[in-house]
file upload_24.cif (mmCIF, C-alpha atoms (C1' of nucleotides))
data_run
#
loop_
_atom_site.label_atom_id
_atom_site.label_comp_id
_atom_site.auth_asym_id
_atom_site.auth_seq_id
_atom_site.Cartn_x
_atom_site.Cartn_y
_atom_site.Cartn_z
CA MET A 1 -32.26 85.35 -31.24
CA ALA A 2 -34.59 82.45 -31.09
CA GLN A 3 -33.24 79.49 -29.29
CA THR A 4 -33.01 75.78 -29.64
CA ASN A 5 -29.68 75.03 -28.16
CA PRO A 6 -29.79 78.25 -26.38
CA PRO A 7 -27.03 80.36 -24.87
CA PHE A 8 -23.38 79.47 -24.93
CA MET A 9 -23.46 79.17 -28.71
CA SER A 10 -21.47 82.19 -29.76
CA GLY A 11 -18.45 81.21 -31.79
CA ILE A 12 -19.35 77.53 -31.62
CA PRO A 13 -20.60 77.15 -35.22
CA GLU A 14 -17.40 78.63 -36.56
CA LEU A 15 -15.22 76.46 -34.35
CA LEU A 16 -17.05 73.26 -35.29
CA LEU A 17 -17.02 73.99 -39.00
CA LEU A 18 -13.31 74.68 -39.00
CA ARG A 19 -12.68 71.58 -36.96
CA LEU A 20 -14.64 69.33 -39.31
CA LEU A 21 -13.25 70.84 -42.48
CA GLY A 22 -9.74 70.48 -41.11
CA GLU A 23 -10.15 66.72 -41.46
CA GLN A 24 -11.75 66.51 -44.87
CA GLU A 25 -13.67 68.56 -47.35
CA MET A 26 -17.43 68.55 -46.91
CA TYR A 27 -20.48 70.31 -48.29
CA GLY A 28 -23.06 72.32 -46.39
CA TYR A 29 -25.87 69.87 -46.13
CA GLU A 30 -23.43 67.20 -45.04
CA LEU A 31 -22.04 69.47 -42.35
CA VAL A 32 -25.48 69.91 -40.81
CA ARG A 33 -25.52 66.19 -40.06
CA ALA A 34 -21.83 65.94 -39.25
CA VAL A 35 -22.11 68.55 -36.51
CA ARG A 36 -24.79 66.51 -34.78
CA ARG A 37 -22.75 63.36 -35.12
CA VAL A 38 -19.40 64.62 -33.85
CA THR A 39 -20.92 66.39 -30.88
CA GLY A 40 -22.73 63.25 -29.78
CA GLU A 41 -26.08 64.86 -30.68
CA ALA A 42 -25.41 67.56 -28.11
CA ILE A 43 -25.34 70.36 -30.64
CA SER A 44 -27.48 70.82 -33.70
CA LEU A 45 -27.02 73.62 -36.21
CA GLY A 46 -29.63 74.42 -38.82
CA GLU A 47 -28.94 75.32 -42.43
CA GLY A 48 -29.70 78.92 -41.57
CA VAL A 49 -26.59 78.87 -39.41
CA ILE A 50 -24.32 76.67 -41.51
CA TYR A 51 -24.63 78.38 -44.89
CA PRO A 52 -24.12 81.96 -43.77
CA ALA A 53 -21.20 80.87 -41.60
CA LEU A 54 -19.61 79.05 -44.51
CA HIS A 55 -19.99 82.08 -46.73
CA ALA A 56 -18.51 84.37 -44.13
CA LEU A 57 -15.53 82.11 -43.56
CA GLU A 58 -14.87 81.85 -47.26
CA ARG A 59 -15.10 85.62 -47.63
CA GLN A 60 -12.50 85.93 -44.92
CA GLY A 61 -10.21 83.50 -46.65
CA ALA A 62 -10.43 80.74 -44.05
CA LEU A 63 -12.15 78.38 -46.45
CA LYS A 64 -12.06 77.69 -50.14
CA SER A 65 -14.79 75.98 -52.10
CA ARG A 66 -15.20 74.01 -55.27
CA ARG A 67 -18.37 72.88 -57.01
CA LYS A 68 -18.78 69.27 -57.79
CA ALA A 69 -21.63 67.64 -59.67
CA VAL A 70 -22.80 64.44 -58.04
CA GLY A 71 -25.60 62.56 -59.73
CA GLY A 72 -27.26 65.56 -61.32
CA ARG A 73 -27.03 67.66 -58.16
CA THR A 74 -24.38 70.23 -57.50
CA ARG A 75 -22.57 70.24 -54.21
CA VAL A 76 -20.28 72.94 -52.93
CA TYR A 77 -17.36 71.37 -51.11
CA TYR A 78 -15.41 73.45 -48.62
CA SER A 79 -11.93 72.91 -47.26
CA LEU A 80 -9.55 74.78 -44.96
CA THR A 81 -6.93 77.17 -46.23
CA ALA A 82 -3.71 77.86 -44.34
CA ARG A 83 -5.46 80.89 -42.93
CA GLY A 84 -8.31 78.71 -41.80
CA ARG A 85 -5.92 76.41 -40.05
CA GLN A 86 -4.45 79.32 -38.11
CA ARG A 87 -7.90 80.50 -37.24
CA LEU A 88 -8.87 77.06 -35.99
CA ALA A 89 -5.79 76.90 -33.78
CA ARG A 90 -6.49 80.34 -32.34
CA LEU A 91 -10.18 79.68 -31.76
CA ALA A 92 -9.54 76.28 -30.19
CA GLY A 93 -7.10 77.92 -27.81
CA GLU A 94 -9.60 80.60 -26.89
CA TRP A 95 -12.27 78.01 -26.36
CA ARG A 96 -10.03 76.11 -24.00
CA ARG A 97 -9.25 79.25 -22.06
CA VAL A 98 -12.91 80.19 -21.60
CA GLN A 99 -13.89 76.61 -20.93
CA SER A 100 -11.32 76.15 -18.21
CA GLY A 101 -12.23 79.48 -16.66
CA VAL A 102 -15.88 78.50 -16.41
CA GLU A 103 -14.95 75.05 -15.19
CA THR A 104 -12.87 76.54 -12.41
CA ALA A 105 -15.69 78.87 -11.44
CA LEU A 106 -18.33 76.16 -11.41
CA ALA A 107 -16.24 73.60 -9.58
CA GLY A 108 -14.33 75.73 -7.15
CA ASP A 109 -15.30 77.44 -3.95
CA ALA A 110 -16.56 80.82 -5.11
CA GLY A 111 -15.47 82.37 -1.85
CA ALA A 112 -11.91 81.09 -1.94
CA ALA A 113 -9.19 83.71 -1.70
CA SER A 114 -6.81 84.14 -4.56
CA MET B 1 -20.10 92.92 -30.60
CA ALA B 2 -16.72 94.18 -29.69
CA GLN B 3 -14.30 91.74 -28.26
CA THR B 4 -11.85 91.46 -25.47
CA ASN B 5 -12.26 87.93 -24.41
CA PRO B 6 -13.68 87.23 -27.73
CA PRO B 7 -16.19 84.64 -28.86
CA PHE B 8 -17.66 81.92 -26.74
CA MET B 9 -18.95 84.46 -24.23
CA SER B 10 -22.67 84.27 -24.79
CA GLY B 11 -24.47 83.28 -21.63
CA ILE B 12 -21.24 83.21 -19.66
CA PRO B 13 -21.72 86.47 -17.76
CA GLU B 14 -25.15 85.36 -16.57
CA LEU B 15 -23.89 81.94 -15.55
CA LEU B 16 -20.95 83.35 -13.59
CA LEU B 17 -23.02 85.96 -11.81
CA LEU B 18 -25.59 83.42 -10.72
CA ARG B 19 -22.86 81.08 -9.60
CA LEU B 20 -21.12 83.69 -7.49
CA LEU B 21 -24.28 85.10 -5.98
CA GLY B 22 -25.40 81.60 -5.10
CA GLU B 23 -22.62 81.49 -2.55
CA GLN B 24 -22.94 84.92 -0.99
CA GLU B 25 -24.39 88.32 -1.66
CA MET B 26 -22.11 90.72 -3.47
CA TYR B 27 -22.26 94.13 -5.12
CA GLY B 28 -21.50 95.01 -8.71
CA TYR B 29 -18.07 96.47 -8.41
CA GLU B 30 -17.04 93.54 -6.24
CA LEU B 31 -18.34 91.08 -8.83
CA VAL B 32 -16.13 92.57 -11.51
CA ARG B 33 -13.10 91.49 -9.50
CA ALA B 34 -14.65 88.25 -8.25
CA VAL B 35 -15.23 87.02 -11.80
CA ARG B 36 -11.57 87.44 -12.62
CA ARG B 37 -10.57 85.68 -9.43
CA VAL B 38 -12.81 82.62 -9.65
CA THR B 39 -12.02 82.00 -13.29
CA GLY B 40 -8.31 82.03 -12.61
CA GLU B 41 -7.97 85.32 -14.53
CA ALA B 42 -9.23 83.55 -17.65
CA ILE B 43 -12.34 85.68 -17.94
CA SER B 44 -12.73 89.37 -17.30
CA LEU B 45 -16.05 91.21 -17.45
CA GLY B 46 -16.26 94.98 -17.45
CA GLU B 47 -18.79 97.07 -15.59
CA GLY B 48 -20.60 97.63 -18.86
CA VAL B 49 -21.40 93.94 -18.88
CA ILE B 50 -21.94 93.34 -15.16
CA TYR B 51 -24.39 96.12 -14.36
CA PRO B 52 -26.80 95.60 -17.25
CA ALA B 53 -26.74 91.85 -16.58
CA LEU B 54 -27.50 92.40 -12.92
CA HIS B 55 -30.41 94.68 -13.76
CA ALA B 56 -31.82 92.22 -16.27
CA LEU B 57 -31.61 89.32 -13.84
CA GLU B 58 -33.30 91.32 -11.14
CA ARG B 59 -36.05 92.37 -13.52
CA GLN B 60 -36.62 88.72 -14.31
CA GLY B 61 -36.83 87.84 -10.65
CA ALA B 62 -33.65 85.79 -10.49
CA LEU B 63 -31.97 88.25 -8.16
CA LYS B 64 -33.03 90.56 -5.38
CA SER B 65 -31.10 93.57 -4.18
CA ARG B 66 -30.72 95.68 -1.09
CA ARG B 67 -28.86 98.94 -0.61
CA LYS B 68 -26.34 99.20 2.09
CA ALA B 69 -24.35 102.25 3.09
CA VAL B 70 -20.71 101.49 3.74
CA GLY B 71 -18.48 104.34 4.79
CA GLY B 72 -20.39 107.09 3.04
CA ARG B 73 -20.75 105.12 -0.20
CA THR B 74 -23.81 103.16 -1.15
CA ARG B 75 -23.47 99.64 -2.35
CA VAL B 76 -26.18 97.56 -3.96
CA TYR B 77 -25.92 93.99 -2.80
CA TYR B 78 -27.48 91.24 -4.88
CA SER B 79 -28.45 87.73 -3.90
CA LEU B 80 -30.19 84.79 -5.55
CA THR B 81 -33.90 84.14 -5.29
CA ALA B 82 -35.41 80.67 -5.57
CA ARG B 83 -36.07 81.48 -9.19
CA GLY B 84 -32.44 82.40 -9.63
CA ARG B 85 -31.37 79.12 -8.15
CA GLN B 86 -33.48 77.25 -10.69
CA ARG B 87 -32.07 79.33 -13.45
CA LEU B 88 -28.54 78.61 -12.32
CA ALA B 89 -29.23 74.87 -12.29
CA ARG B 90 -30.73 74.98 -15.77
CA LEU B 91 -27.96 77.13 -17.22
CA ALA B 92 -25.23 75.04 -15.64
CA GLY B 93 -26.78 71.94 -17.20
CA GLU B 94 -26.94 73.57 -20.59
CA TRP B 95 -23.39 74.71 -20.29
CA ARG B 96 -22.27 71.20 -19.52
CA ARG B 97 -24.16 69.85 -22.51
CA VAL B 98 -22.63 72.32 -24.94
CA GLN B 99 -19.22 72.00 -23.35
CA SER B 100 -19.17 68.23 -23.63
CA GLY B 101 -20.41 68.39 -27.20
CA VAL B 102 -17.58 70.69 -28.20
CA GLU B 103 -15.11 68.63 -26.23
CA THR B 104 -16.17 65.51 -28.08
CA ALA B 105 -15.87 67.27 -31.40
CA LEU B 106 -12.44 68.70 -30.68
CA ALA B 107 -11.01 65.55 -29.21
CA GLY B 108 -12.58 62.87 -31.34
CA ASP B 109 -11.89 61.72 -34.83
CA ALA B 110 -14.11 63.96 -36.93
CA GLY B 111 -14.46 61.22 -39.50
CA ALA B 112 -15.55 58.52 -37.10
CA ALA B 113 -18.86 56.83 -37.82
CA SER B 114 -21.67 57.16 -35.33
"C1'" DT C 1 -6.02 122.38 -1.03
"C1'" DT C 2 -5.92 120.42 -4.87
"C1'" DG C 3 -5.41 116.68 -7.53
"C1'" DC C 4 -5.49 111.89 -8.44
"C1'" DG C 5 -6.52 106.99 -8.13
"C1'" DA C 6 -9.70 103.83 -6.34
"C1'" DT C 7 -14.38 102.84 -5.31
"C1'" DA C 8 -19.15 102.61 -6.82
"C1'" DC C 9 -22.95 103.26 -9.56
"C1'" DC C 10 -25.04 103.80 -14.18
"C1'" DT C 11 -26.50 104.30 -19.54
"C1'" DT C 12 -26.02 104.57 -24.47
"C1'" DT C 13 -24.42 103.00 -28.88
"C1'" DT C 14 -22.52 99.73 -31.73
"C1'" DT C 15 -22.15 95.43 -33.88
"C1'" DA C 16 -21.97 90.54 -34.44
"C1'" DT C 17 -24.31 86.55 -34.99
"C1'" DT C 18 -27.59 82.86 -34.05
"C1'" DC C 19 -31.92 81.10 -35.30
"C1'" DG C 20 -36.25 80.13 -37.48
"C1'" DA C 21 -38.87 80.43 -41.39
"C1'" DG C 22 -39.26 80.55 -45.88
"C1'" DG C 23 -37.89 79.92 -50.84
"C1'" DT C 24 -36.07 77.16 -55.13
"C1'" DA C 25 -35.00 72.98 -57.51
"C1'" DT C 26 -33.65 68.18 -58.53
"C1'" DA C 27 -33.80 63.12 -57.56
"C1'" DC C 28 -35.81 59.08 -56.00
"C1'" DT C 29 -39.42 56.12 -54.38
"C1'" DC C 30 -44.04 54.52 -54.02
"C1'" DG D 1 -47.80 62.24 -59.71
"C1'" DA D 2 -47.20 62.85 -54.87
"C1'" DG D 3 -44.26 63.09 -51.23
"C1'" DT D 4 -39.76 62.83 -49.05
"C1'" DA D 5 -34.87 63.59 -49.04
"C1'" DT D 6 -31.19 66.12 -50.85
"C1'" DA D 7 -29.04 70.54 -51.70
"C1'" DC D 8 -28.57 75.24 -52.07
"C1'" DC D 9 -29.86 79.84 -50.43
"C1'" DT D 10 -31.72 84.57 -48.03
"C1'" DC D 11 -34.18 87.50 -44.92
"C1'" DG D 12 -35.72 89.38 -40.53
"C1'" DA D 13 -35.82 89.43 -35.67
"C1'" DA D 14 -33.94 89.25 -31.41
"C1'" DT D 15 -30.10 88.98 -28.22
"C1'" DA D 16 -26.71 90.58 -25.65
"C1'" DA D 17 -21.61 91.57 -25.11
"C1'" DA D 18 -18.45 95.19 -25.19
"C1'" DA D 19 -16.48 99.82 -25.10
"C1'" DA D 20 -16.78 104.22 -23.86
"C1'" DG D 21 -18.36 107.68 -21.37
"C1'" DG D 22 -20.82 109.90 -17.38
"C1'" DT D 23 -21.55 111.09 -12.16
"C1'" DA D 24 -20.03 111.25 -7.50
"C1'" DT D 25 -17.56 110.13 -3.15
"C1'" DC D 26 -13.46 108.85 -0.55
"C1'" DG D 27 -8.71 108.81 0.99
"C1'" DC D 28 -4.13 110.05 0.38
"C1'" DA D 29 -0.13 112.53 -0.91
"C1'" DA D 30 2.31 116.46 -2.66
#

call {"tool": "encode", "arguments": {"input": "upload_24.cif", "output": "structure tokens"}}
result
Amino acid sequence: MAQTNPPFMSGIPELLLLRLLGEQEMYGYELVRAVRRVTGEAISLGEGVIYPALHALERQGALKSRRKAVGGRTRVYYSLTARGRQRLARLAGEWRRVQSGVETALAGDAGAAS
Amino acid sequence: MAQTNPPFMSGIPELLLLRLLGEQEMYGYELVRAVRRVTGEAISLGEGVIYPALHALERQGALKSRRKAVGGRTRVYYSLTARGRQRLARLAGEWRRVQSGVETALAGDAGAAS
DNA sequence: TTGCGATACCTTTTTATTCGAGGTATACTC
DNA sequence: GAGTATACCTCGAATAAAAAGGTATCGCAA
């Protein structure tokens, strides 16, 4: 793994893609910019992350795609399936669990008794 | 990667270990339970994660260890070095950046203009 | 006195997945 | 006609989390 964002990124691309595509259909190149925008520039994912992730999610039935020609270029638009919606809900819940666990650990007194 | 907690765990073990050892020295087996406790049972790390992580951090100079015999058994106590303290500060900052980026993405209107 | 659960350490193998770098091609602007 | 932006894609490397399994000691109970 090379790093730009570094650690803490596992599962994040998938979560963000599902989140964005849950609102509206988008194409890969657009998602690269959208991720930056909706995370307040905190997270940036390259095409080498986005495209493979999109393909994997489609293979798993969480996304469906359709090609659309726009001004001579072809774009591949992705949108969530019902399965994808379930996956988003599950992942978001898991994120919240991990997030709150870490938050508790960072904030709290590490020596405090249970 | 097998999963118990599943995704979102990259970098978390290292962050939690540094956090805990920044408060007081502890030994591996103790850390397994301490992680569960300080995360409010949200996160559980097995020995197969803790020990290799401890060894790696020591190798990198973020931790130092000392053996201590306690009732016939030998425990290896770890504590933070100055280097480890820096690493904790940097990792905690990165965690906060990623965390807030995801938070913004999950909470906000994904379609909102910048 | 043996057997078992808890304590305490450790390593090896598997497997997912992020990331950078590179590759193709079209469109638009200068 | 050169360069930049758009748009798709793949490959290879590196990381590191997790499970499972291995050793040994201790204390307790049957």

call {"tool": "resolve_selection", "arguments": {"input": "upload_24.cif", "expression": "the PyMOL selection byres ((chain A and resi 62-68) around 10)", "output": "ChimeraX atom specification"}}
result
/A:17-18,21-22,25-27,54-61,69-88

call {"tool": "residues_near_point", "arguments": {"input": "upload_24.cif", "point": "(-5.4, 119.1, -5.0)", "cutoff": "10 Å", "atoms": "all atoms listed in the file", "output": "list in words"}}
result
DT1, DT2, DG3 and DC4 of chain C; DA29 and DA30 of chain D

call {"tool": "residues_around", "arguments": {"input": "upload_24.cif", "residues": "D:DC9", "least_positions_apart": "5", "cutoff": "12 Å", "atoms": "only C-alpha atoms (C1' of nucleotides)", "output": "number ranges by chain"}}
result
A: 28-29, 47-52, 54-55; C: 22-25

call {"tool": "resolve_selection", "arguments": {"input": "upload_24.cif", "expression": "the PyMOL selection byres ((chain B) within 6 of (chain A))", "output": "MDAnalysis selection string"}}
result
chainID B and resid 7:8 10:11 20 38:39 42 101 104:105 110

call {"tool": "write_last_selection", "arguments": {"input": "upload_24.cif", "atoms": "C-alpha atoms", "output": "short mmCIF file (atom, residue, chain, number, x, y, z; two decimals), in the coordinates of the input"}}
result
data_model
loop_
_atom_site.label_atom_id
_atom_site.label_comp_id
_atom_site.auth_asym_id
_atom_site.auth_seq_id
_atom_site.Cartn_x
_atom_site.Cartn_y
_atom_site.Cartn_z
CA PRO B 7 -16.19 84.64 -28.86
CA PHE B 8 -17.66 81.92 -26.74
CA SER B 10 -22.67 84.27 -24.79
CA GLY B 11 -24.47 83.28 -21.63
CA LEU B 20 -21.12 83.69 -7.49
CA VAL B 38 -12.81 82.62 -9.65
CA THR B 39 -12.02 82.00 -13.29
CA ALA B 42 -9.23 83.55 -17.65
CA GLY B 101 -20.41 68.39 -27.20
CA THR B 104 -16.17 65.51 -28.08
CA ALA B 105 -15.87 67.27 -31.40
CA ALA B 110 -14.11 63.96 -36.93
#

call {"tool": "resolve_selection", "arguments": {"input": "upload_24.cif", "expression": "the PyMOL selection byres ((chain C) within 9 of (chain B))", "output": "list in words"}}
result
DT7, DA8, DC9, DC10, DT11, DT14, DT15, DA16 and DT17 of chain C

call {"tool": "atom_distance", "arguments": {"input": "upload_24.cif", "atom1": "atom CA of B:Leu45", "atom2": "atom CA of B:Val32"}}
result
6.1 Å

call {"tool": "atom_distance", "arguments": {"input": "upload_24.cif", "atom1": "atom CA of A:Ala53", "atom2": "atom C1' of C:DT13"}}
result
25.7 Å
